[in-house]
Structures are given as C-alpha cells and as structure tokens.
file input31.cif (mmCIF, C-alpha atoms)
data_upload
loop_
_atom_site.label_atom_id
_atom_site.label_comp_id
_atom_site.auth_asym_id
_atom_site.auth_seq_id
_atom_site.Cartn_x
_atom_site.Cartn_y
_atom_site.Cartn_z
CA MET V 248 113.61 110.75 77.61
CA ALA V 249 115.03 112.24 80.80
CA LEU V 250 112.73 114.50 82.78
CA SER V 251 113.56 118.15 83.31
CA GLU V 252 114.50 119.20 86.82
CA LYS V 253 111.07 120.77 87.31
CA ALA V 254 109.24 117.71 86.01
CA GLN V 255 111.34 115.43 88.22
CA ALA V 256 110.52 117.59 91.25
CA THR V 257 106.81 117.35 90.43
CA ARG V 258 107.05 113.59 90.09
CA GLU V 259 108.80 113.34 93.45
CA LYS V 260 106.10 115.48 95.10
CA ILE V 261 103.40 113.16 93.80
CA ILE V 262 105.22 110.04 94.93
CA ALA V 263 105.95 111.48 98.39
CA ALA V 264 102.32 112.52 98.87
CA ALA V 265 101.00 109.16 97.67
CA THR V 266 103.41 107.21 99.86
CA GLU V 267 102.31 109.09 102.96
CA LEU V 268 98.61 108.64 102.17
CA PHE V 269 98.91 104.98 101.17
CA TYR V 270 100.92 104.24 104.30
CA ARG V 271 98.54 106.08 106.62
CA ASN V 272 95.19 105.16 105.08
CA GLY V 273 95.78 102.24 102.73
CA TYR V 274 95.67 101.99 98.96
CA HIS V 275 91.94 101.47 98.46
CA ALA V 276 90.97 104.23 100.91
CA THR V 277 93.15 106.77 99.11
CA GLY V 278 91.60 108.38 96.06
CA LEU V 279 93.71 110.07 93.42
CA ASP V 280 92.04 113.38 94.18
CA LYS V 281 93.52 113.20 97.69
CA VAL V 282 96.97 112.51 96.28
CA ILE V 283 96.72 115.36 93.78
CA ARG V 284 95.50 117.75 96.46
CA GLN V 285 98.21 116.82 98.96
CA ALA V 286 100.93 116.99 96.31
CA GLY V 287 99.70 120.40 95.20
CA VAL V 288 99.68 119.54 91.51
CA THR V 289 97.08 119.55 88.75
CA LYS V 290 95.40 116.49 87.29
CA GLY V 291 97.30 117.17 84.10
CA ASN V 292 100.59 117.07 86.02
CA PHE V 293 99.58 113.82 87.65
CA TYR V 294 98.57 112.00 84.46
CA TYR V 295 101.66 113.24 82.66
CA HIS V 296 103.72 111.17 85.10
CA PHE V 297 101.39 108.29 86.01
CA PRO V 298 98.84 106.69 83.68
CA SER V 299 97.02 104.96 86.53
CA LYS V 300 96.77 104.54 90.28
CA GLU V 301 98.45 101.14 89.93
CA ALA V 302 101.44 102.75 88.19
CA LEU V 303 101.66 105.26 91.03
CA ALA V 304 101.57 102.45 93.59
CA ILE V 305 104.49 100.70 91.90
CA ALA V 306 106.45 103.97 91.83
CA THR V 307 105.89 104.43 95.57
CA LEU V 308 107.10 100.89 96.23
CA ASP V 309 110.31 101.61 94.31
CA TRP V 310 110.73 104.95 96.11
CA GLN V 311 110.12 103.49 99.55
CA TYR V 312 112.51 100.63 98.85
CA GLU V 313 115.25 103.05 97.80
CA ARG V 314 114.72 105.22 100.90
CA TRP V 315 114.66 102.21 103.23
CA SER V 316 117.80 100.76 101.63
CA GLU V 317 119.62 104.06 102.07
CA GLU V 318 118.53 104.25 105.71
CA ILE V 319 119.85 100.81 106.60
CA ARG V 320 123.11 101.49 104.75
CA GLU V 321 123.61 104.59 106.88
CA GLN V 322 122.22 103.34 110.18
CA VAL V 323 123.27 99.69 110.18
CA PHE V 324 125.85 98.80 107.55
CA SER V 325 128.08 101.81 108.16
CA GLN V 326 129.15 100.28 111.48
CA ARG V 327 132.29 98.17 111.57
CA ILE V 328 130.84 95.04 113.16
CA ASP V 329 130.63 91.37 112.23
CA ALA V 330 127.92 89.80 110.09
CA LEU V 331 125.88 88.28 112.92
CA GLU V 332 125.80 91.50 114.89
CA THR V 333 124.91 93.39 111.71
CA LEU V 334 121.89 91.13 111.20
CA LEU V 335 120.77 91.53 114.81
CA ASN V 336 121.26 95.29 114.60
CA LEU V 337 119.16 95.35 111.44
CA LEU V 338 116.32 93.60 113.25
CA ASP V 339 116.67 95.93 116.24
CA TYR V 340 116.57 98.92 113.91
CA MET V 341 113.35 97.67 112.35
CA ALA V 342 111.83 97.14 115.80
CA ASP V 343 112.80 100.69 116.78
CA ARG V 344 110.96 102.01 113.73
CA GLN V 345 107.87 100.13 114.84
CA LYS V 346 108.12 101.62 118.34
CA LYS V 347 108.55 105.09 116.88
CA GLN V 348 105.38 104.63 114.85
CA HIS V 349 103.56 103.62 118.03
CA GLU V 350 104.83 106.75 119.82
CA GLU V 351 103.56 108.83 116.91
CA GLY V 352 100.09 107.33 117.38
CA GLN V 353 99.77 104.79 114.55
CA ILE V 354 101.60 101.52 113.91
CA ARG V 355 101.52 101.42 110.13
CA GLY V 356 103.28 98.11 109.72
CA CYS V 357 105.41 97.21 106.72
CA TYR V 358 104.76 99.34 103.65
CA PHE V 359 105.40 96.40 101.35
CA GLY V 360 103.45 93.94 103.47
CA ASN V 361 100.49 96.31 103.48
CA PHE V 362 100.44 96.32 99.69
CA ALA V 363 100.73 92.53 99.61
CA LEU V 364 97.65 92.26 101.81
CA GLU V 365 95.61 94.76 99.78
CA LEU V 366 96.62 94.04 96.20
CA SER V 367 98.44 90.73 95.77
CA THR V 368 95.30 88.96 94.54
CA VAL V 369 94.15 91.70 92.18
CA SER V 370 97.30 93.29 90.77
CA PRO V 371 100.00 90.99 89.35
CA ALA V 372 102.25 94.02 88.75
CA VAL V 373 102.12 95.09 92.39
CA ARG V 374 102.49 91.49 93.54
CA ASP V 375 105.61 91.07 91.42
CA LYS V 376 107.10 94.31 92.77
CA VAL V 377 106.45 93.33 96.39
CA ASN V 378 107.90 89.88 95.76
CA ALA V 379 111.02 91.48 94.30
CA VAL V 380 111.41 93.63 97.41
CA PHE V 381 110.97 90.68 99.77
CA SER V 382 113.37 88.59 97.68
CA SER V 383 115.95 91.35 98.01
CA TYR V 384 115.52 91.44 101.80
CA ALA V 385 115.76 87.65 102.01
CA ALA V 386 118.95 87.72 99.92
CA LEU V 387 120.45 90.33 102.24
CA ILE V 388 119.67 88.25 105.33
CA GLU V 389 120.99 85.12 103.61
CA ALA V 390 124.28 86.84 102.73
CA LEU V 391 124.77 87.90 106.35
CA LEU V 392 124.00 84.39 107.57
CA ARG V 393 126.43 82.84 105.08
CA HIS V 394 129.18 85.16 106.21
CA ALA V 395 128.39 84.48 109.87
CA ARG V 396 128.51 80.73 109.25
CA LYS V 397 131.81 81.05 107.41
CA LYS V 398 133.25 82.89 110.41
CA GLY V 399 131.97 80.26 112.83
CA GLN V 400 129.45 82.62 114.44
CA ILE V 401 126.51 80.30 113.83
CA ARG V 402 126.22 76.52 113.51
CA GLU V 403 127.58 74.86 110.38
CA SER V 404 124.32 72.92 110.05
CA VAL V 405 122.31 76.11 109.46
CA ASP V 406 120.98 76.50 105.92
CA PRO V 407 121.32 80.27 105.28
CA GLY V 408 118.73 80.39 102.49
CA GLN V 409 116.12 78.47 104.43
CA LEU V 410 116.73 80.37 107.64
CA ALA V 411 116.62 83.73 105.82
CA SER V 412 113.11 82.88 104.58
CA VAL V 413 112.06 81.87 108.10
CA ILE V 414 113.46 85.07 109.64
CA LEU V 415 111.76 87.24 107.04
CA GLY V 416 108.46 85.44 107.58
CA GLN V 417 108.82 85.72 111.36
CA VAL V 418 109.52 89.44 111.14
CA GLU V 419 106.69 90.20 108.72
CA GLY V 420 104.26 88.18 110.84
CA ALA V 421 105.32 90.03 113.99
CA ILE V 422 104.92 93.39 112.25
CA LEU V 423 101.39 92.42 111.20
CA LEU V 424 100.43 91.31 114.72
CA ASP V 425 101.82 94.52 116.22
CA LYS V 426 99.80 96.52 113.72
CA ALA V 427 96.63 94.54 114.50
CA ARG V 428 97.05 94.94 118.25
CA HIS V 429 98.52 98.42 118.02
CA GLN V 430 101.21 97.41 120.49
CA PRO V 431 104.90 96.97 119.58
CA GLY V 432 105.56 93.74 121.48
CA ASN V 433 105.55 90.84 119.04
CA PHE V 434 108.50 92.22 117.08
CA ASP V 435 110.66 92.32 120.22
CA GLN V 436 109.66 88.75 121.08
CA SER V 437 110.50 87.60 117.57
CA ILE V 438 113.93 89.22 117.70
CA LYS V 439 114.57 87.64 121.10
CA PHE V 440 113.68 84.21 119.67
CA ILE V 441 115.86 84.71 116.56
CA ARG V 442 118.78 85.90 118.68
CA GLN V 443 118.53 82.90 121.01
CA TYR V 444 118.33 80.52 118.08
CA LEU V 445 121.35 81.99 116.31
CA GLU V 446 123.49 82.22 119.42
CA THR V 447 122.77 78.66 120.61
CA ASP V 448 125.74 76.37 120.13
#

call {"tool": "encode", "arguments": {"input": "input31.cif", "output": "structure tokens"}}
result
Amino acid sequence: MALSEKAQATREKIIAAATELFYRNGYHATGLDKVIRQAGVTKGNFYYHFPSKEALAIATLDWQYERWSEEIREQVFSQRIDALETLLNLLDYMADRQKKQHEEGQIRGCYFGNFALELSTVSPAVRDKVNAVFSSYAALIEALLRHARKKGQIRESVDPGQLASVILGQVEGAILLDKARHQPGNFDQSIKFIRQYLETD
C-alpha cells in the first residue's frame, strides 16, 4: 500500500537522519535512539516504517545509491564528452568529494564500503545490498570502457569487465587508505595511475 504524503515525509526524515549518523559515526556506534532523536519522530513512527535497525540500514543504502546516481548523472553524464573522458571525469568527481570531506574536517570514505567493512560478515542482507551497489558501479565502468574500446580510445586487448573490477577495487582501496590516514592523496595517485594506463598506446 502506498504511503500517504505525510508518512512518506516521515520515512524520508528517518532515512536522512540515519544516513548522516551512520556515515559520520558508523553503524554500530549509532543507536536507534540517536536516529529517532535527530529525525524528530516518535518510536512509534520509527517502527511503523522500519522493523529493525538492519532494515533501516538497507533503506539508507538504497537512498544513498539513488542520491549518488542522480549526482553523477547531473555532474558527469550531462556533459557531451566521449566515454573515456566521462570515466576519467567520474573518477575526478569522486576524488573531489573526498577532498571536500577533508576540508569539512572528516574523511568519511565510501558509504557502501563502510557498511561492507562493518556488516558484511554478520548481515547477509546488507552484504547482498552492498554487492548489488558495487556490481552496478562495475557495470557502469565496464560500459564506458567497452564504448571507449569500440571508438579506439583504449587498446583492443583491454578486457573491459576485468579492468572495470580492477578500477573499482583500486578506487575503493584508495578511499579506505585516505580515510585511514585522513589525507586525500591516495585517490589522486590512483586516478593518475589509471589515467596513464588507459592512455598508454
């Protein structure tokens, strides 16, 4: 049954509050009382929408994925440029987000990667959701690489699927190192390496 406008607004408030708290403090360090208090709702409101903290976590992953996808559509894919440059711009855009977090005082890393680290061994539902998100990102990178190869922008010998997995792993690893060191440098180095690899004849 579809939610009323008021109920939908309440649900969105809860998800927005939880996303902010999970991203800033982590899943385990964030109690539901904190989420309820920040969202400004009652416990009854909360449990009407979410039967458990795990269900809330999955909802925030969906919400964050939708927001992130909309951002890259507007900021990256709206430009009329070729596939290779689109991929490189996507990586640059992600690096800029990391730098902005550093300027704001806290490198939070990748929202989805953070959940993988905290919950992948204890919550199959969260693990499956994170895997779906990463698979979507890998598919996006692979599609750009396939188009770039078709246009002769990268070597014919490149396997787009394999390279997409490597790029995603490289990026996620760099994000994690930047978060650990609280310095946005590894991401830039990773992008430099990827760019040099792709642009080498």

call {"tool": "atom_distance", "arguments": {"input": "input31.cif", "atom1": "atom CA of V:Thr307", "atom2": "atom CA of V:Val377"}}
result
11.1 Å

call {"tool": "resolve_selection", "arguments": {"input": "input31.cif", "expression": "the PyMOL selection byres ((chain V and resi 442) around 12)", "output": "PyMOL selection string"}}
result
chain V and resi 331-339+400-401+414+435-441+443-448

call {"tool": "residues_around", "arguments": {"input": "input31.cif", "residues": "V:Ile261", "least_positions_apart": "6", "cutoff": "8 Å", "atoms": "all atoms listed in the file", "output": "list in words"}}
result
Val282, Ile283, Ala286, Val288 and Phe293 of chain V

call {"tool": "closest_residue", "arguments": {"input": "input31.cif", "among": "V:Phe269, V:Tyr274, V:Phe359, V:Phe297", "to": "V:Thr257", "atoms": "only C-alpha atoms"}}
result
V:Phe297

call {"tool": "closest_residue", "arguments": {"input": "input31.cif", "among": "V:Ala306, V:Ala254, V:Leu387, V:Ala395", "to": "V:Ala330", "atoms": "all atoms listed in the file"}}
result
V:Ala395

call {"tool": "residues_around", "arguments": {"input": "input31.cif", "residues": "V:Gly408", "least_positions_apart": "2", "cutoff": "10 Å", "atoms": "only C-alpha atoms", "output": "short mmCIF file (atom, residue, chain, number, x, y, z; two decimals) with C-alpha atoms, in the coordinates of the input"}}
result
data_model
loop_
_atom_site.label_atom_id
_atom_site.label_comp_id
_atom_site.auth_asym_id
_atom_site.auth_seq_id
_atom_site.Cartn_x
_atom_site.Cartn_y
_atom_site.Cartn_z
CA ALA V 385 115.76 87.65 102.01
CA ALA V 386 118.95 87.72 99.92
CA ILE V 388 119.67 88.25 105.33
CA GLU V 389 120.99 85.12 103.61
CA ALA V 390 124.28 86.84 102.73
CA LEU V 392 124.00 84.39 107.57
CA ARG V 393 126.43 82.84 105.08
CA VAL V 405 122.31 76.11 109.46
CA ASP V 406 120.98 76.50 105.92
CA LEU V 410 116.73 80.37 107.64
CA ALA V 411 116.62 83.73 105.82
CA SER V 412 113.11 82.88 104.58
CA VAL V 413 112.06 81.87 108.10
#

call {"tool": "closest_residue", "arguments": {"input": "input31.cif", "among": "V:Thr277, V:Gln311, V:Gln285, V:Gln430", "to": "V:Gln348", "atoms": "all atoms listed in the file"}}
result
V:Gln430

call {"tool": "closest_residue", "arguments": {"input": "input31.cif", "among": "V:Arg314, V:Arg374, V:Lys260, V:Arg320", "to": "V:Asn292", "atoms": "all atoms listed in the file"}}
result
V:Lys260

call {"tool": "closest_residue", "arguments": {"input": "input31.cif", "among": "V:Leu364, V:Ile319, V:Ala427, V:Ala372", "to": "V:Arg344", "atoms": "all atoms listed in the file"}}
result
V:Ile319

call {"tool": "atom_distance", "arguments": {"input": "input31.cif", "atom1": "atom CA of V:Leu268", "atom2": "atom CA of V:Gly360"}}
result
15.5 Å

call {"tool": "resolve_selection", "arguments": {"input": "input31.cif", "expression": "the PyMOL selection byres ((chain V and resi 424) around 12)", "output": "list in words"}}
result
Gln345, Ile354, Arg355, Gly356, Cys357, Gly360, Gln417, Val418, Glu419, Gly420, Ala421, Ile422, Leu423, Asp425, Lys426, Ala427, Arg428, His429, Gln430, Pro431, Gly432, Asn433, Phe434, Asp435, Gln436 and Ser437 of chain V

call {"tool": "atom_distance", "arguments": {"input": "input31.cif", "atom1": "atom CA of V:Glu321", "atom2": "atom CA of V:Ala302"}}
result
29.1 Å

call {"tool": "axis_aligned_box", "arguments": {"input": "input31.cif", "around": "stretch 381-393 of chain V", "padding_each_side": "5 Å", "output": "JSON"}}
result
{"center_x": 118.7, "center_y": 87.1, "center_z": 102.6, "size_x": 25.5, "size_y": 18.6, "size_z": 19.9}

call {"tool": "resolve_selection", "arguments": {"input": "input31.cif", "expression": "the PyMOL selection byres ((chain V and resi 380) around 12)", "output": "NGL selection string"}}
result
:V and (305 or 308-313 or 315-316 or 357-360 or 362-363 or 373-379 or 381-387 or 415)

call {"tool": "decode", "arguments": {"input": "input31.cif", "residues": "stretch 406-421 of chain V", "atoms": "C-alpha atoms", "output": "compact mmCIF listing (two decimals), in the first residue's frame"}}
result
# COMPACT_ATOMS: atom_id res chain seq x y z
CA ASP V 406 39.17 -6.69 -21.22
CA PRO V 407 36.50 -4.15 -20.10
CA GLY V 408 34.93 -6.42 -17.49
CA GLN V 409 38.22 -7.37 -15.90
CA LEU V 410 39.56 -3.83 -15.96
CA ALA V 411 36.31 -2.44 -14.50
CA SER V 412 36.74 -4.74 -11.49
CA VAL V 413 40.37 -3.64 -11.10
CA ILE V 414 39.47 0.06 -11.31
CA LEU V 415 36.68 -0.32 -8.77
CA GLY V 416 38.99 -2.20 -6.41
CA GLN V 417 41.72 0.39 -6.87
CA VAL V 418 39.33 3.23 -6.13
CA GLU V 419 37.76 1.60 -3.08
CA GLY V 420 41.20 0.75 -1.70
CA ALA V 421 42.40 4.32 -2.19
